[in-house]
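As stored in coords02.cif (mmCIF, C-alpha atoms):
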```
data_input
loop_
_atom_site.label_atom_id
_atom_site.label_comp_id
_atom_site.auth_asym_id
_atom_site.auth_seq_id
_atom_site.Cartn_x
_atom_site.Cartn_y
_atom_site.Cartn_z
CA MET A 1 99.72 -18.19 -212.04
CA THR A 2 100.62 -14.60 -212.86
CA ILE A 3 98.05 -11.96 -213.60
CA SER A 4 99.34 -11.20 -217.10
CA HIS A 5 98.46 -14.79 -217.97
CA MET A 6 94.96 -14.51 -216.61
CA GLU A 7 92.27 -14.22 -219.20
CA THR A 8 89.80 -12.96 -216.64
CA LEU A 9 90.48 -11.17 -213.39
CA THR A 10 89.68 -13.00 -210.17
CA ASP A 11 87.14 -11.34 -207.87
CA ASN A 12 89.93 -10.37 -205.48
CA VAL A 13 91.95 -8.69 -208.23
CA TYR A 14 88.84 -7.03 -209.66
CA PHE A 15 87.89 -5.41 -206.36
CA ILE A 16 91.50 -4.40 -205.60
CA LEU A 17 91.77 -2.64 -208.98
CA VAL A 18 88.42 -0.88 -208.48
CA SER A 19 89.53 0.20 -205.03
CA LEU A 20 92.87 1.50 -206.35
CA LEU A 21 91.28 3.89 -208.82
CA THR A 22 92.13 6.26 -205.97
CA ASP A 23 95.46 5.71 -204.16
CA LYS A 24 95.33 3.74 -200.93
CA HIS A 25 97.60 1.95 -198.49
CA GLY A 26 97.32 -1.78 -197.85
CA TYR A 27 94.82 -2.06 -195.03
CA LEU A 28 92.64 0.73 -196.40
CA ILE A 29 92.10 -1.41 -199.54
CA MET A 30 90.68 -4.21 -197.37
CA GLN A 31 88.42 -1.80 -195.50
CA ASN A 32 87.31 -0.05 -198.68
CA ILE A 33 86.33 -3.29 -200.44
CA GLU A 34 84.31 -4.43 -197.44
CA GLU A 35 82.66 -1.02 -197.19
CA VAL A 36 81.68 -0.51 -200.83
CA THR A 37 80.30 -4.04 -201.14
CA GLY A 38 78.36 -3.65 -197.89
CA GLY A 39 80.31 -6.56 -196.39
CA ALA A 40 79.28 -8.89 -199.22
CA PHE A 41 82.90 -9.26 -200.30
CA VAL A 42 85.80 -9.49 -197.87
CA ILE A 43 89.45 -10.01 -198.69
CA GLY A 44 91.96 -11.50 -196.24
CA PRO A 45 95.38 -9.92 -195.57
CA ALA A 46 97.32 -12.86 -197.08
CA SER A 47 95.23 -12.66 -200.27
CA LEU A 48 95.70 -8.92 -200.39
CA TYR A 49 99.49 -9.12 -200.04
CA THR A 50 99.78 -11.92 -202.63
CA ASN A 51 97.64 -10.04 -205.14
CA LEU A 52 99.36 -6.68 -204.58
CA LYS A 53 102.71 -8.36 -205.35
CA LYS A 54 101.29 -9.99 -208.49
CA LEU A 55 99.66 -6.77 -209.68
CA LEU A 56 102.90 -4.80 -209.13
CA LYS A 57 104.84 -7.40 -211.10
CA ALA A 58 102.30 -7.30 -213.92
CA GLY A 59 102.49 -3.50 -213.98
CA LEU A 60 98.77 -3.05 -213.32
CA ILE A 61 99.40 -1.05 -210.14
CA HIS A 62 102.31 1.06 -208.84
CA GLU A 63 103.56 1.79 -205.34
CA LYS A 64 105.04 4.89 -203.74
CA PRO A 65 106.05 5.90 -200.20
CA GLY A 66 103.14 7.13 -198.10
CA GLU A 67 102.91 10.13 -195.76
CA LYS A 68 103.85 8.08 -192.71
CA SER A 69 107.33 6.55 -192.65
CA ASN A 70 107.59 2.96 -193.96
CA GLN A 71 104.06 3.15 -195.35
CA LYS A 72 103.43 2.24 -198.96
CA VAL A 73 100.61 3.64 -201.03
CA TYR A 74 99.27 1.84 -204.09
CA GLY A 75 97.52 3.16 -207.15
CA ILE A 76 96.29 1.81 -210.48
CA THR A 77 98.42 2.29 -213.64
CA SER A 78 97.11 2.97 -217.16
CA ARG A 79 97.64 -0.72 -217.92
CA GLY A 80 95.56 -1.54 -214.85
CA VAL A 81 92.77 0.75 -216.05
CA GLU A 82 92.82 -1.01 -219.44
CA ALA A 83 92.65 -4.44 -217.78
CA LEU A 84 89.76 -3.29 -215.60
CA LYS A 85 87.88 -1.78 -218.56
CA SER A 86 88.13 -4.96 -220.60
CA GLU A 87 87.01 -7.00 -217.59
CA VAL A 88 84.01 -4.71 -217.07
CA LYS A 89 83.14 -5.11 -220.75
CA ARG A 90 83.39 -8.89 -220.45
CA LYS A 91 81.18 -8.88 -217.36
CA GLU A 92 78.65 -6.59 -219.11
CA GLN A 93 78.45 -8.98 -222.06
CA MET A 94 77.90 -11.88 -219.68
CA VAL A 95 75.13 -10.02 -217.82
CA THR A 96 73.44 -8.90 -221.09
CA LEU A 97 73.50 -12.46 -222.37
CA ALA A 98 71.93 -13.88 -219.23
CA LYS A 99 69.34 -11.09 -219.02
CA ARG A 100 68.25 -11.73 -222.60
CA ALA A 101 67.98 -15.46 -221.98
CA LEU A 102 66.04 -14.91 -218.76
CA ALA A 103 63.72 -12.49 -220.54
CA THR A 104 62.65 -15.21 -223.01
CA LEU A 105 61.91 -17.42 -219.99
CA ASP A 106 59.58 -14.77 -218.58
CA GLY A 107 57.73 -14.49 -221.86
CA GLY A 108 59.62 -11.58 -223.35
CA GLU A 109 59.31 -9.33 -220.31
CA GLU A 110 62.44 -7.90 -218.86
CA MET B 111 108.98 -15.19 -166.59
CA LYS B 112 107.52 -18.67 -167.00
CA HIS B 113 108.04 -20.53 -170.25
CA LYS B 114 106.80 -23.81 -171.58
CA TYR B 115 107.81 -25.83 -174.65
CA VAL B 116 105.31 -27.83 -176.69
CA MET B 117 106.30 -30.24 -179.45
CA ILE B 118 105.61 -29.23 -183.09
CA SER B 119 103.66 -32.01 -184.85
CA GLY B 120 105.12 -31.08 -188.25
CA PHE B 121 103.56 -28.36 -190.34
CA ALA B 122 102.91 -30.53 -193.37
CA PHE B 123 100.55 -32.87 -191.51
CA GLY B 124 99.71 -31.22 -188.21
CA GLU B 125 99.08 -27.60 -189.16
CA LYS B 126 95.38 -27.49 -188.32
CA ALA B 127 95.71 -29.56 -185.16
CA ASP B 128 98.68 -27.52 -183.96
CA MET B 129 96.91 -24.20 -184.51
CA LYS B 130 93.95 -25.54 -182.50
CA LYS B 131 96.28 -26.73 -179.76
CA LEU B 132 97.95 -23.28 -179.61
CA LYS B 133 94.49 -21.68 -179.39
CA ARG B 134 93.55 -23.94 -176.46
CA LEU B 135 96.84 -23.17 -174.70
CA ALA B 136 96.29 -19.42 -175.23
CA SER B 137 92.92 -19.73 -173.48
CA GLN B 138 94.90 -21.08 -170.50
CA GLY B 139 97.31 -18.13 -170.67
CA TRP B 140 100.13 -19.78 -172.61
CA ILE B 141 100.92 -17.47 -175.52
CA LEU B 142 103.21 -18.38 -178.42
CA GLU B 143 106.44 -16.43 -178.24
CA GLY B 144 108.75 -18.19 -180.66
CA LEU B 145 109.90 -21.41 -182.25
CA THR B 146 112.82 -23.75 -181.80
CA PRO B 147 113.47 -26.45 -184.44
CA PHE B 148 111.15 -28.95 -182.70
CA PHE B 149 109.15 -26.95 -180.15
CA TYR B 150 106.75 -24.04 -179.78
CA LYS B 151 107.99 -21.67 -177.11
CA LEU B 152 105.11 -20.38 -174.97
CA ARG B 153 105.11 -17.64 -172.38
CA LYS B 154 102.76 -17.46 -169.39
CA GLY B 155 100.50 -14.43 -169.63
CA GLU B 156 96.85 -13.51 -169.46
CA PRO B 157 94.38 -16.06 -170.88
CA ALA B 158 93.40 -14.88 -174.38
CA ASN B 159 90.69 -15.81 -176.84
CA ILE B 160 92.80 -15.82 -179.98
CA ASP B 161 93.07 -17.70 -183.27
CA TYR B 162 96.36 -18.79 -184.78
CA SER B 163 97.06 -19.03 -188.50
CA LEU B 164 100.03 -20.18 -190.53
CA ASP B 165 101.10 -18.60 -193.81
CA TYR B 166 103.82 -19.92 -196.14
CA ARG B 167 105.90 -17.31 -197.91
CA SER B 168 109.60 -17.03 -198.69
CA ASP B 169 109.30 -13.82 -200.71
CA TYR B 170 108.17 -11.09 -198.30
CA ASP B 171 109.13 -7.66 -197.01
CA GLU B 172 108.25 -5.31 -194.15
CA GLU B 173 104.96 -4.47 -195.87
CA TYR B 174 103.84 -8.10 -195.41
CA PHE B 175 103.85 -7.92 -191.60
CA LYS B 176 102.47 -4.38 -191.71
CA ILE B 177 99.37 -5.33 -193.72
CA PHE B 178 98.76 -8.33 -191.47
CA GLN B 179 99.18 -6.26 -188.33
CA GLU B 180 96.76 -3.58 -189.51
CA ALA B 181 94.27 -6.33 -190.33
CA GLY B 182 94.59 -7.58 -186.73
CA TRP B 183 97.09 -10.42 -187.21
CA ILE B 184 100.16 -10.14 -184.98
CA HIS B 185 103.30 -11.90 -186.14
CA ARG B 186 104.33 -14.43 -183.49
CA ALA B 187 107.06 -16.55 -185.05
CA THR B 188 108.75 -17.56 -188.28
CA HIS B 189 110.05 -21.05 -189.00
CA ALA B 190 112.82 -21.70 -191.53
CA GLY B 191 112.30 -18.23 -193.00
CA GLU B 192 109.14 -19.24 -194.83
CA MET B 193 106.47 -20.36 -192.36
CA HIS B 194 104.94 -17.47 -190.46
CA ILE B 195 102.60 -17.87 -187.53
CA PHE B 196 100.18 -15.07 -186.71
CA SER B 197 97.57 -14.61 -184.01
CA ALA B 198 94.45 -12.45 -183.88
CA PRO B 199 91.41 -12.04 -181.65
CA GLU B 200 88.77 -14.65 -182.40
CA GLY B 201 86.56 -13.61 -185.32
CA THR B 202 89.18 -11.49 -187.14
CA THR B 203 88.96 -11.72 -190.96
CA PRO B 204 90.97 -14.88 -191.85
CA LEU B 205 94.21 -14.70 -193.86
CA TYR B 206 92.49 -16.21 -196.89
CA LEU B 207 88.83 -16.47 -197.84
CA ASP B 208 89.46 -18.00 -201.23
CA PRO B 209 90.51 -21.70 -200.95
CA ASP B 210 92.05 -21.49 -204.45
CA GLU B 211 94.43 -18.74 -203.38
CA GLN B 212 95.07 -20.47 -200.08
CA SER B 213 96.13 -23.66 -201.82
CA GLU B 214 98.52 -21.69 -204.06
CA GLN B 215 100.76 -20.94 -201.06
CA TYR B 216 101.74 -24.62 -200.85
CA LEU B 217 103.19 -24.71 -204.37
CA PRO B 218 106.72 -23.52 -203.46
CA MET B 219 106.73 -25.92 -200.49
CA ILE B 220 105.73 -28.82 -202.75
CA LYS B 221 108.38 -27.88 -205.32
CA GLY B 222 111.10 -27.47 -202.68
CA THR B 223 110.42 -30.76 -200.90
CA ALA B 224 109.99 -32.60 -204.22
CA LYS B 225 113.42 -31.34 -205.32
CA GLY B 226 114.88 -32.41 -201.96
CA SER B 227 113.29 -35.86 -202.29
CA ALA B 228 114.53 -36.38 -205.84
CA SER B 229 118.11 -35.27 -205.18
CA SER B 230 118.47 -37.24 -201.92
CA PHE B 231 117.02 -40.30 -203.63
CA ALA B 232 119.51 -39.94 -206.51
CA ILE B 233 122.43 -39.55 -204.08
CA SER B 234 121.31 -42.62 -202.12
CA CYS B 235 121.25 -44.65 -205.36
CA LEU B 236 124.74 -43.41 -206.21
CA LEU B 237 126.04 -44.34 -202.75
CA ALA B 238 124.43 -47.78 -202.96
CA THR B 239 126.10 -48.38 -206.33
CA LEU B 240 129.48 -47.30 -204.99
CA TRP B 241 129.01 -49.54 -201.95
CA HIS B 242 128.16 -52.42 -204.24
CA PHE B 243 131.49 -52.05 -206.07
CA ILE B 244 133.60 -51.45 -202.97
CA GLY B 245 132.13 -54.36 -201.06
CA PRO B 246 130.87 -54.68 -197.46
CA THR B 247 134.25 -54.49 -195.68
CA GLY B 248 136.79 -51.73 -195.04
CA TRP B 249 136.41 -48.22 -193.60
CA ILE B 250 135.34 -46.62 -196.89
CA SER B 251 132.45 -49.06 -197.00
CA HIS B 252 131.41 -48.08 -193.46
CA ILE B 253 131.56 -44.39 -194.27
CA LEU B 254 129.45 -44.99 -197.38
CA MET B 255 126.90 -46.89 -195.31
CA ALA B 256 126.72 -44.11 -192.71
CA LEU B 257 126.29 -41.51 -195.48
CA TRP B 258 123.63 -43.64 -197.09
CA ILE B 259 121.61 -43.74 -193.87
CA LEU B 260 121.96 -39.95 -193.47
CA VAL B 261 120.79 -39.36 -197.03
CA TRP B 262 117.77 -41.59 -196.39
CA ILE B 263 116.86 -39.53 -193.35
CA VAL B 264 117.02 -36.40 -195.54
CA PHE B 265 114.83 -38.17 -198.08
CA VAL B 266 112.16 -39.11 -195.53
CA PHE B 267 112.07 -35.56 -194.12
CA ASN B 268 111.49 -34.21 -197.63
CA PHE B 269 109.23 -36.86 -199.07
CA LEU B 270 106.71 -37.03 -196.22
CA PRO B 271 106.17 -33.24 -195.99
CA CYS B 272 105.94 -33.16 -199.80
CA MET B 273 103.07 -35.67 -199.68
CA GLY B 274 101.46 -33.74 -196.83
CA PHE B 275 101.50 -30.44 -198.73
CA LEU B 276 100.38 -32.13 -201.92
CA PHE B 277 97.34 -33.76 -200.24
CA ARG B 278 96.44 -30.49 -198.53
CA ARG B 279 96.58 -28.66 -201.86
CA ILE B 280 94.42 -31.27 -203.57
CA ARG B 281 91.88 -31.14 -200.73
CA MET B 282 91.69 -27.34 -200.92
CA ALA B 283 91.35 -27.36 -204.70
CA ARG B 284 88.39 -29.74 -204.27
CA GLN B 285 86.86 -27.42 -201.69
CA ALA B 286 87.13 -24.54 -204.14
CA ARG B 287 85.08 -26.35 -206.74
#
```
Could you show the structure in this file as structure tokens?
Amino acid sequence: MTISHMETLTDNVYFILVSLLTDKHGYLIMQNIEEVTGGAFVIGPASLYTNLKKLLKAGLIHEKPGEKSNQKVYGITSRGVEALKSEVKRKEQMVTLAKRALATLDGGEE
Amino acid sequence: MKHKYVMISGFAFGEKADMKKLKRLASQGWILEGLTPFFYKLRKGEPANIDYSLDYRSDYDEEYFKIFQEAGWIHRATHAGEMHIFSAPEGTTPLYLDPDEQSEQYLPMIKGTAKGSASSFAISCLLATLWHFIGPTGWISHILMALWILVWIVFVFNFLPCMGFLFRRIRMARQAR
């Protein structure tokens, strides 16, 4: 399955895109995701590599040579930002829906 | 330097068991150094508490091994250019945490072995037909028979791994649900 065919972003892709709003090299993405989620979400190196390749192919991220030799640095593209924005919107709608439904369960209190 | 060779059980069926076996051997100081077509090549060193993991990938570059290495997974050996064995200290973040993504890696293996099974089966049918017309005597007939047996061996070595990968993928997909 390629990312351009995905209607929704997987959690792995979602966190990678968020992480790449500032440029990072491969391992730093893994560390950053673990750090910002307080260890609640961890991504394995095989998953990271697979998803980076898919995201590059789909044009949602770009790569460039890093400061150190043979190091690659990744960053989000404008298409990636668009994909992330629409995913955030979708997630917001889902959360709003559930919150409203839960509120009726609690007798109208939120 | 002391070396030891341990039989490979076949990655399609024995992946988990083999990785466990390699882990046990590492705890006795036998560390994986490379692969031969049928054996793991181990080198005597210090006993180590390490995990082994296998990743299937035919499309990879330098960056692949770099990301793995930075994440703690050292590349130990590659089999047939698409099966990569890595080791890491016990407790290192595994290669995959998402069973869905993990099962995806078997797709090219399933496709490849399925193609191999189908084409070898078709060739064996063709040979059998030819043999039927030529008859059971004469040197051409013997050559056809020998070829037929060879093609069947190719078939078995494609079909069985294909089933193995397919079952593993189905099991992982179930786990993901």
Within 6 Å of chain A: each chain B residue with its shortest pair, only C-alpha atoms, as a Markdown table:
```
| residue | atom | partner | partner_atom | distance |
| --- | --- | --- | --- | --- |
| B:Ile177 | CA | A:Tyr27 | CA | 5.8 |
| B:Phe178 | CA | A:Pro45 | CA | 5.5 |
| B:Pro204 | CA | A:Gly44 | CA | 5.6 |
| B:Leu205 | CA | A:Gly44 | CA | 4.6 |
| B:Tyr206 | CA | A:Gly44 | CA | 4.8 |
```
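Shortest atom-to-atom contact with Val266 of chain B among B:Pro246, B:Gly155, B:Pro147, B:Gly226: B:Gly226, counting all atoms listed in the file.
This file gives the following result for the PyMOL selection byres ((chain B and resi 123-137) around 8): Ile118, Ser119, Gly120, Phe121, Ala122, Gln138, Gly139, Trp140, Ile141, Leu142, Pro157, Ala158, Asn159, Ile160, Asp161, Tyr162, Ser163, Leu164, Pro271, Gly274 and Phe275 of chain B.
Straight-line separation from atom CA of Ser197 of chain B to atom CA of His185 of chain B: 6.7 Å.
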- Smallest atom-to-atom distance to Tyr14 of chain A: which of A:Lys85, A:Lys57, A:Arg79, A:Lys68, using all atoms listed in the file? A:Lys85
- Counting only C-alpha atoms, which of B:Arg167, B:His189, B:His252, B:Lys221 gets nearest to Phe149 of chain B? B:His189
